[in-house]
Amino acid sequence: MATETPAVGAARGVEAAPASLLKDFLRRLAKNRLAVASAVVILLAAVAAIFAPALAPYDPNALNLDAQLSPPSAAHPLGTDDLGRDVLSRMLYGARISLSVGFVAVGIAIAIGIVLGGLAGYYGGRVDQVIMWLVDVMLVFPSIFLILAVIAFVGPGLFKIMAIIGLTGWMGTTRLVRAEFLALREREFVAAVRAQGARDARIIFRHILPNAVAPVLVSATFGVAGAILTESALSFLGLGVPPPNATWGSLLSDGKAMIEVAWWLTVFPGLAIFVVSLAYNLLGEGIRDALDPRLRV
Amino acid sequence: MLTRRDMLRLLGASGLALGGAGCSNAGAGGRESTPVADLYPIDGPRAIGDAMVSGSIGEASTFIWFLGGESASSAASAAISNSLLRYNDRIELEREVAESVEVTPDGETITFRMRRDVRWTDGHPCTADDVLFTYEALVDPATPTPYSGDYLLVRKAEVLDPYTFRVHYDKPFAPALESWAFCRFIPAHLLRGKDLPRDPYNRNPVGTGPYMLRRPEDWVPGQQMTLWRNPDYWEGTVWIERQVTRIIPDLNTQFLELKTGGIDAMGLTPPQFRFQTGTREFVSHFEKYRYLSSGYTFLGFNLRDPRFQDRRVRQAFAYAIDKDEIIRGVYLGYGKPLSAPTRPDHWTYNPNVRTYPYDPARALELFAEVGWKRDANGRLVKDGKPFRFEIITNQGNQQRIRTAEIIQRRLAEIGIEVSVRPIEWAAFINEFVDKGRFEALILGWNMAPDPDQFIIWHSSQTGPKQFNFVHFKNPEVDRLLEEGRSTFDREKRKAIYWRFQEVMAEEQPYVFLCVPEALFAIHKRFKGIVPAPSGVGYLSHLRWFVPPPYQKWTRTA
Amino acid sequence: MTAYLVRRVLLMIPTLLFITVVSFVVMRLAPGDPVQLQTELNPRVSAEARERLIAYHGLDKPIHVAYFIWLRNVLTLDFGRSSAPDGRPVIEKIAERLPITLFINVISFVLVLGLAVPIGILSATRQGSWLDRLTTLYVFVGYAMPSFWLALLLMILFGVRLGWLPISGLHSLDAYRMGPFEYWLDFGKHLVLPVFIGVFGGLAGLSRYARSSMLEVIRQDYVRVARAKGLPETRVIYRHALRNALLPLLTIFGLSIPGFIGGSVIIESIFAIPGLGQLFYQSVLSRDYNLVMASLVIGAVLTMVGNLLADLSYAVANPQIRLGAKGGD
């Protein structure tokens, strides 16, 4: 769904990034309170995911038939589900899966985007035409149609879901990287190293790619939020990450059947998805604004 | 909905076969008591009018029952057509269009004499010719139907006179009568010589049943189907003017529609039944019913795996799994345990077979007899190898996945490592069940009323695409099954299936887990509902009505 | 103009071919087929009955042969028959479902475009005002809220608690005997929630674009010049800035069309709307090859047509841009 990244076009890369520019960037970012708060939320979520086994008060899959659907209490801060499983523990473990879906999917998308965008931008000509044609083709697919078709036909699975979300979400990055390469390859410093006889690979990796990092980072940040939302949509349609791996999306979609009797089953996972994807979006905006101070409020 | 015409089948991917398909069930259940003031006290006189709206997660694809496999098509077909026989509210066969049924003493020939007052809604009389035509269509190799099996056993079918139909079998086939109860007629005078699957009849039928499609526009694809009462129904007055089935794919949406009056009846999930239908508001407008369903859930082992070949190992698993916990946790108490493949309310049910109460110590003893002992880490080990296996089940059925998770935990406690793998239905059946690529699986069978289980347990049925996929082979069971399906005498059959259950309870080729209850709510303005072992559906078209003061969707000309 | 149109339409062909090949291969290589779904539910199916079904559905041919047969049929607009038990022509099933999906999407498009532009202008010209903050807040909620959750909450609020709006479907049961005014009012009421959900997410993205694109334009020299010349602010904004800010918006809008069409799957499933999205989802679950293929092709065609329209409006809005120069991107 929302894997296409919003409003990245405005980001214009910095020239080779000397330390002062980076410092500048961080200083500007630090001034943006929302972005800082978002970074904190993202960090907290990551910590929760990594240390889930230590933080979770219960085994996330332990049944307790004497505590089915108990509302939030001291014993179960976020309540229990219909099998008496502790919602907090399930959410902590769920964070691992949900966040890794976000990261791996975006990782795949970014990797493909950098390679294809780099090739297209650096070599131009035929290569560029073919790659951009591929981008156009992929953009024409309603991606949720494609994802559904693939998941339904090859069967759901954690890695398959990560892969397919990644494989349908690389077009934005490709365009960005290509644009960056197109702009940079004609610059003097690239011409200079080329004149010194540097090989293509060296030029790409040492000189051009670092300049494309910033916009790609912005796009990746938005992408993580999109991937988490896409996974939850798949869970809703019954084609999400299969149990016993709970994700925030599957918790939300399992809980919706009891939304009127056990609000805690939907509200907490729903809020987790909302707050975390919000944080990624805000951080993305923050980074972009910090990169391009002209647009700052 | 509300008719029990389900043939023996594997419970499908969604598990909604129980909830969504209505209350084709039998058992100890019945009406749930309601301690509130009665808002709908009048229950007479009978009057024509109103509409009954139900929700369905899927749409019917055709009115011809043998072309469409899904429950929606089956329900649509049941509303507009008739068959020679039917099951009554005590799940016994009775005559529908047949006036008399004669089975010759050798059991090889059955003669049906038909009523003369049954007419198609276009005025044509319904005759033996229609029955023969339906049979011929079923066994025609050109007809794409999965239901031809039972009818292929017919050696010869003939029309003796316009109202007499006779079939001959090569040898006695006890489930034959049941197969004629499933066989709803299609009109020969409209369909002879036509390409059945592509004929417009599929969507704009002419039937003999209590309800009919008035105009093709009554079926709005993907949205709803309206069936109107047949004013000239041969069996009596049909009271409820319209049966409307709305297609609502999401079960939550369906439940919200129920609460706000958008639909009048639906099958409920255990959490809905237990937690969401107890409000004063709900109980003052809805009657709830629960019945034992006709299906059971099981944990099946691949008996070609040497570890599962010793009966004691399978018995040990039966002791190690807490069936009551599964019923409590997954079905919220709405279910009954079982230890042999027969519903507790079936006329062949043997109450004296061996049962397996939860007893992990006994389980460990049995494992030890076979050589599986716990090692220092608590793992169950034999010849240095830990007991470890995978349970597969179908993706999307929350109840089965949860059952697997509960079993996983219990077995872990006695040192057996179980992994659970849900697999999407098509791949589950095709790649794993059919090819025998599983160690254990959780599935359900939906049982037809006839006790015959030949295709599930007979040793000849283990081939690819057949249904003894666990490869159970037992000479005594083979003999009992063969005898059972060729015996018409009820007492003799009962004795045969009693013994069958005894053997099955000892053998435990599956750990038989439980028979869940079907849960159901219907609006209180509908009167004349008679709860019975078979559910509430029997003769509902003749019995149910809405007293005029409560009629919601008033009659139109 | 005509040459440009022709070129664009011709460019669609290889794209479509590529899409069909990929879809076809993915589906045929996956385990399971519609015949299994239909027969495996029932043990009383003989092996012969299965073979018959397989041949009937044409699943006995090798993949490349099957593809070319499919393609040849599609060229004559024959998408084959559904493998659902009704066996109806796929094109017929889609034709039933397509209008409502198009209708809802077109209403959503119009609302999104109609709202995004003023919202963008207002929040760009009054940066930091409460309005700007409010829209910013909305934008992020729109990005981050799972749409099915929002839909469910709204259904409970407006359908169950307040009872203002119907929960699902398109018409009330007694719609057939309503007068025309009542009928359309009833229909409209049924559409409020689905359209709202469709607009909610899409509008968030687009109004954000509108804002930043407006901001960018306002800073351009010609706007500064116009201001410096003492032109009234509204004139500056609406005559000079707006048009230039709208252009990139159109392209972005074209790109978001697949998102709208994809969103139909969820919206139509929740609200029980018999549209293409719901049909597609069901056909995917039942592995109805012909139906899935046809839906993918039609979804792609719709998107391409949408993109084309967006590009054409781009051209109309900005005659200076030479159409030929702007092809594939």
# chains A, B, ... in the order shown; residues from 1 in each chain; ligands from 1
call {"tool": "closest_atom_pairs", "arguments": {"of": "chain A", "to": "chain B", "cutoff": "8 Å", "atoms": "only C-alpha atoms", "output": "tab-separated table"}}
result
residue	atom	partner	partner_atom	distance
A:Leu63	CA	B:Ile406	CA	7.8
A:Leu65	CA	B:Gly329	CA	6.1
A:Asp82	CA	B:Pro271	CA	7.7
A:Leu83	CA	B:Gly329	CA	5.7
A:Ala152	CA	B:Glu424	CA	7.7
A:Gly155	CA	B:Glu424	CA	5.8
A:Pro156	CA	B:Glu424	CA	7.3
A:Gly238	CA	B:Gly396	CA	6.3
A:Pro242	CA	B:Pro422	CA	6.9
A:Pro243	CA	B:Pro422	CA	7.4
A:Pro244	CA	B:Glu405	CA	7.7
A:Lys256	CA	B:Asn252	CA	7.6
A:Ala257	CA	B:Asn252	CA	5.8
A:Met258	CA	B:Pro271	CA	7.6
A:Glu260	CA	B:Gln276	CA	7.6
A:Val261	CA	B:Gln276	CA	6.5
call {"tool": "closest_atom_pairs", "arguments": {"of": "chain A", "to": "chain C", "cutoff": "9 Å", "atoms": "only C-alpha atoms", "output": "JSON lines"}}
result
{"residue": "A:Met1", "atom": "CA", "partner": "C:Gly259", "partner_atom": "CA", "distance": 5.9}
{"residue": "A:Ala2", "atom": "CA", "partner": "C:Gly259", "partner_atom": "CA", "distance": 7.4}
{"residue": "A:Glu4", "atom": "CA", "partner": "C:Ser256", "partner_atom": "CA", "distance": 8.5}
{"residue": "A:Pro6", "atom": "CA", "partner": "C:Gly205", "partner_atom": "CA", "distance": 6.5}
{"residue": "A:Ala7", "atom": "CA", "partner": "C:Tyr209", "partner_atom": "CA", "distance": 6.1}
{"residue": "A:Ala10", "atom": "CA", "partner": "C:Ser212", "partner_atom": "CA", "distance": 8.0}
{"residue": "A:Gln129", "atom": "CA", "partner": "C:Gly328", "partner_atom": "CA", "distance": 8.7}
{"residue": "A:Met132", "atom": "CA", "partner": "C:Asp329", "partner_atom": "CA", "distance": 7.5}
{"residue": "A:Trp133", "atom": "CA", "partner": "C:Gly328", "partner_atom": "CA", "distance": 7.3}
{"residue": "A:Leu134", "atom": "CA", "partner": "C:Thr15", "partner_atom": "CA", "distance": 8.3}
{"residue": "A:Asp136", "atom": "CA", "partner": "C:Asp329", "partner_atom": "CA", "distance": 7.5}
{"residue": "A:Val137", "atom": "CA", "partner": "C:Thr15", "partner_atom": "CA", "distance": 5.6}
{"residue": "A:Met138", "atom": "CA", "partner": "C:Ile19", "partner_atom": "CA", "distance": 8.4}
{"residue": "A:Leu139", "atom": "CA", "partner": "C:Leu255", "partner_atom": "CA", "distance": 7.2}
{"residue": "A:Val140", "atom": "CA", "partner": "C:Ala300", "partner_atom": "CA", "distance": 5.5}
{"residue": "A:Phe141", "atom": "CA", "partner": "C:Ala300", "partner_atom": "CA", "distance": 5.4}
{"residue": "A:Pro142", "atom": "CA", "partner": "C:Pro258", "partner_atom": "CA", "distance": 4.2}
{"residue": "A:Ser143", "atom": "CA", "partner": "C:Gly262", "partner_atom": "CA", "distance": 6.8}
{"residue": "A:Ile144", "atom": "CA", "partner": "C:Gly262", "partner_atom": "CA", "distance": 5.3}
{"residue": "A:Phe145", "atom": "CA", "partner": "C:Gly262", "partner_atom": "CA", "distance": 6.1}
{"residue": "A:Leu146", "atom": "CA", "partner": "C:Leu296", "partner_atom": "CA", "distance": 7.9}
{"residue": "A:Leu148", "atom": "CA", "partner": "C:Val284", "partner_atom": "CA", "distance": 7.4}
{"residue": "A:Ala149", "atom": "CA", "partner": "C:Val284", "partner_atom": "CA", "distance": 5.9}
{"residue": "A:Val150", "atom": "CA", "partner": "C:Val26", "partner_atom": "CA", "distance": 6.9}
{"residue": "A:Ala152", "atom": "CA", "partner": "C:Leu285", "partner_atom": "CA", "distance": 6.2}
{"residue": "A:Phe153", "atom": "CA", "partner": "C:Ala30", "partner_atom": "CA", "distance": 5.3}
{"residue": "A:Val154", "atom": "CA", "partner": "C:Ala30", "partner_atom": "CA", "distance": 5.3}
{"residue": "A:Gly155", "atom": "CA", "partner": "C:Ala30", "partner_atom": "CA", "distance": 8.4}
{"residue": "A:Ala225", "atom": "CA", "partner": "C:Ala144", "partner_atom": "CA", "distance": 7.4}
{"residue": "A:Gly226", "atom": "CA", "partner": "C:Ala144", "partner_atom": "CA", "distance": 8.2}
{"residue": "A:Leu229", "atom": "CA", "partner": "C:Pro146", "partner_atom": "CA", "distance": 6.1}
{"residue": "A:Thr230", "atom": "CA", "partner": "C:Pro146", "partner_atom": "CA", "distance": 8.6}
{"residue": "A:Ser232", "atom": "CA", "partner": "C:Pro146", "partner_atom": "CA", "distance": 7.2}
{"residue": "A:Ala233", "atom": "CA", "partner": "C:Pro146", "partner_atom": "CA", "distance": 7.1}
{"residue": "A:Phe236", "atom": "CA", "partner": "C:Phe148", "partner_atom": "CA", "distance": 7.5}
{"residue": "A:Leu237", "atom": "CA", "partner": "C:Ile266", "partner_atom": "CA", "distance": 7.5}
{"residue": "A:Gly249", "atom": "CA", "partner": "C:Pro146", "partner_atom": "CA", "distance": 8.8}
{"residue": "A:Leu252", "atom": "CA", "partner": "C:Trp149", "partner_atom": "CA", "distance": 8.0}
{"residue": "A:Ser253", "atom": "CA", "partner": "C:Trp149", "partner_atom": "CA", "distance": 8.2}
{"residue": "A:Lys256", "atom": "CA", "partner": "C:Trp149", "partner_atom": "CA", "distance": 7.9}
{"residue": "A:Ile259", "atom": "CA", "partner": "C:Leu153", "partner_atom": "CA", "distance": 8.8}
{"residue": "A:Glu260", "atom": "CA", "partner": "C:Ile156", "partner_atom": "CA", "distance": 8.6}
{"residue": "A:Thr266", "atom": "CA", "partner": "C:Trp149", "partner_atom": "CA", "distance": 8.4}
{"residue": "A:Gly270", "atom": "CA", "partner": "C:Trp149", "partner_atom": "CA", "distance": 7.4}
{"residue": "A:Leu271", "atom": "CA", "partner": "C:Met145", "partner_atom": "CA", "distance": 8.7}
{"residue": "A:Ile273", "atom": "CA", "partner": "C:Ala144", "partner_atom": "CA", "distance": 7.4}
{"residue": "A:Phe274", "atom": "CA", "partner": "C:Ala144", "partner_atom": "CA", "distance": 5.0}
{"residue": "A:Val275", "atom": "CA", "partner": "C:Ala144", "partner_atom": "CA", "distance": 7.5}
{"residue": "A:Val276", "atom": "CA", "partner": "C:Ala144", "partner_atom": "CA", "distance": 8.1}
{"residue": "A:Ser277", "atom": "CA", "partner": "C:Ala144", "partner_atom": "CA", "distance": 5.3}
{"residue": "A:Leu278", "atom": "CA", "partner": "C:Ala144", "partner_atom": "CA", "distance": 5.3}
{"residue": "A:Ala279", "atom": "CA", "partner": "C:Ala144", "partner_atom": "CA", "distance": 8.9}
{"residue": "A:Asn281", "atom": "CA", "partner": "C:Phe140", "partner_atom": "CA", "distance": 7.4}
{"residue": "A:Leu282", "atom": "CA", "partner": "C:Phe140", "partner_atom": "CA", "distance": 7.8}
{"residue": "A:Arg294", "atom": "CA", "partner": "C:Glu216", "partner_atom": "CA", "distance": 8.7}
{"residue": "A:Leu295", "atom": "CA", "partner": "C:Leu215", "partner_atom": "CA", "distance": 7.2}
{"residue": "A:Val297", "atom": "CA", "partner": "C:Gln127", "partner_atom": "CA", "distance": 6.8}
call {"tool": "select_by_dssp", "arguments": {"residues": "region 125-203 of chain B", "states": "strand (DSSP E or B)", "output": "ChimeraX atom specification"}}
result
/B:125,154-161,164-169
call {"tool": "residues_around", "arguments": {"residues": "Gln309 (chain B)", "least_positions_apart": "4", "cutoff": "12 Å", "atoms": "only C-alpha atoms", "output": "list in words"}}
result
Phe301, Asn302, Leu303, Arg304, Asp305, Val313, Arg314, Gln315, Val370, Glu439, Val470, His471, Phe472, Lys473, Asn474, Glu507, Gln508, Pro509 and Tyr510 of chain B
call {"tool": "residues_around", "arguments": {"residues": "Ala47 (chain B)", "least_positions_apart": "6", "cutoff": "8 Å", "atoms": "only C-alpha atoms", "output": "VMD selection string"}}
result
chain B and resid 239 545 to 548
call {"tool": "write_last_selection", "arguments": {"atoms": "C-alpha atoms", "output": "CSV table (one decimal), in the first residue's frame"}}
result
chain,number,residue,atom,x,y,z
B,239,TRP,CA,-45.2,-18.2,5.4
B,545,PHE,CA,-43.5,-17.2,10.3
B,546,VAL,CA,-43.7,-13.7,11.7
B,547,PRO,CA,-46.9,-12.6,13.4
B,548,PRO,CA,-48.3,-9.5,11.6
call {"tool": "select_by_dssp", "arguments": {"residues": "region 156-223 of chain A", "states": "helix (DSSP H, G or I)", "output": "number ranges by chain"}}
result
A: 158-167, 171-185, 188-195, 200-223
call {"tool": "atom_distance", "arguments": {"atom1": "CA of Ile91 (chain B)", "atom2": "CA of Phe112 (chain B)"}}
result
20.2 Å
call {"tool": "residues_around", "arguments": {"residues": "Val223 (chain C)", "least_positions_apart": "4", "cutoff": "8 Å", "atoms": "only C-alpha atoms", "output": "JSON, numbers by chain"}}
result
{"C": [217, 218, 219, 227, 236, 240, 241]}
call {"tool": "residues_around", "arguments": {"residues": "Pro451 (chain B)", "least_positions_apart": "4", "cutoff": "9 Å", "atoms": "only C-alpha atoms", "output": "list in words"}}
result
Pro175, Thr342, His346, Trp347, Thr348, Met447, Gly484, Arg485, Arg493, Lys494 and Tyr497 of chain B
call {"tool": "write_last_selection", "arguments": {"atoms": "N, CA and C atoms", "output": "mmCIF file, in the first residue's frame"}}
result
data_model
loop_
_atom_site.group_PDB
_atom_site.id
_atom_site.type_symbol
_atom_site.label_atom_id
_atom_site.label_comp_id
_atom_site.auth_asym_id
_atom_site.auth_seq_id
_atom_site.Cartn_x
_atom_site.Cartn_y
_atom_site.Cartn_z
ATOM 1 N N PRO B 175 -25.605 -46.958 1.924
ATOM 2 C CA PRO B 175 -25.715 -45.500 1.809
ATOM 3 C C PRO B 175 -26.502 -45.036 0.585
ATOM 4 N N THR B 342 -17.361 -41.258 15.802
ATOM 5 C CA THR B 342 -18.816 -41.216 15.686
ATOM 6 C C THR B 342 -19.349 -40.170 16.648
ATOM 7 N N HIS B 346 -25.254 -39.975 17.514
ATOM 8 C CA HIS B 346 -25.597 -40.790 16.347
ATOM 9 C C HIS B 346 -26.203 -42.121 16.787
ATOM 10 N N TRP B 347 -27.094 -42.641 15.969
ATOM 11 C CA TRP B 347 -27.764 -43.886 16.378
ATOM 12 C C TRP B 347 -26.810 -45.073 16.465
ATOM 13 N N THR B 348 -25.658 -44.965 15.885
ATOM 14 C CA THR B 348 -24.696 -46.059 16.005
ATOM 15 C C THR B 348 -23.667 -45.790 17.097
ATOM 16 N N MET B 447 -19.387 -35.179 9.015
ATOM 17 C CA MET B 447 -19.944 -36.504 8.810
ATOM 18 C C MET B 447 -21.361 -36.441 8.256
ATOM 19 N N GLY B 484 -20.684 -53.246 6.805
ATOM 20 C CA GLY B 484 -21.554 -52.139 7.203
ATOM 21 C C GLY B 484 -22.213 -51.475 6.019
ATOM 22 N N ARG B 485 -21.469 -51.294 4.937
ATOM 23 C CA ARG B 485 -22.072 -50.563 3.826
ATOM 24 C C ARG B 485 -22.950 -51.445 2.956
ATOM 25 N N ARG B 493 -26.544 -53.328 11.442
ATOM 26 C CA ARG B 493 -25.580 -52.256 11.163
ATOM 27 C C ARG B 493 -25.053 -51.666 12.459
ATOM 28 N N LYS B 494 -25.981 -51.464 13.393
ATOM 29 C CA LYS B 494 -25.591 -50.850 14.650
ATOM 30 C C LYS B 494 -24.517 -51.703 15.333
ATOM 31 N N TYR B 497 -21.179 -51.250 13.590
ATOM 32 C CA TYR B 497 -20.474 -49.995 13.856
ATOM 33 C C TYR B 497 -20.101 -49.840 15.330
#
call {"tool": "atom_distance", "arguments": {"atom1": "CA of Val159 (chain B)", "atom2": "CA of Glu178 (chain B)"}}
result
19.9 Å
call {"tool": "residues_around", "arguments": {"residues": "Phe103 (chain A)", "least_positions_apart": "6", "cutoff": "10 Å", "atoms": "only C-alpha atoms", "output": "ChimeraX atom specification"}}
result
/A:97,109,162,166,220-221,223-225,227-228
call {"tool": "atom_distance", "arguments": {"atom1": "CA of Leu44 (chain A)", "atom2": "CA of Trp263 (chain A)"}}
result
24.1 Å
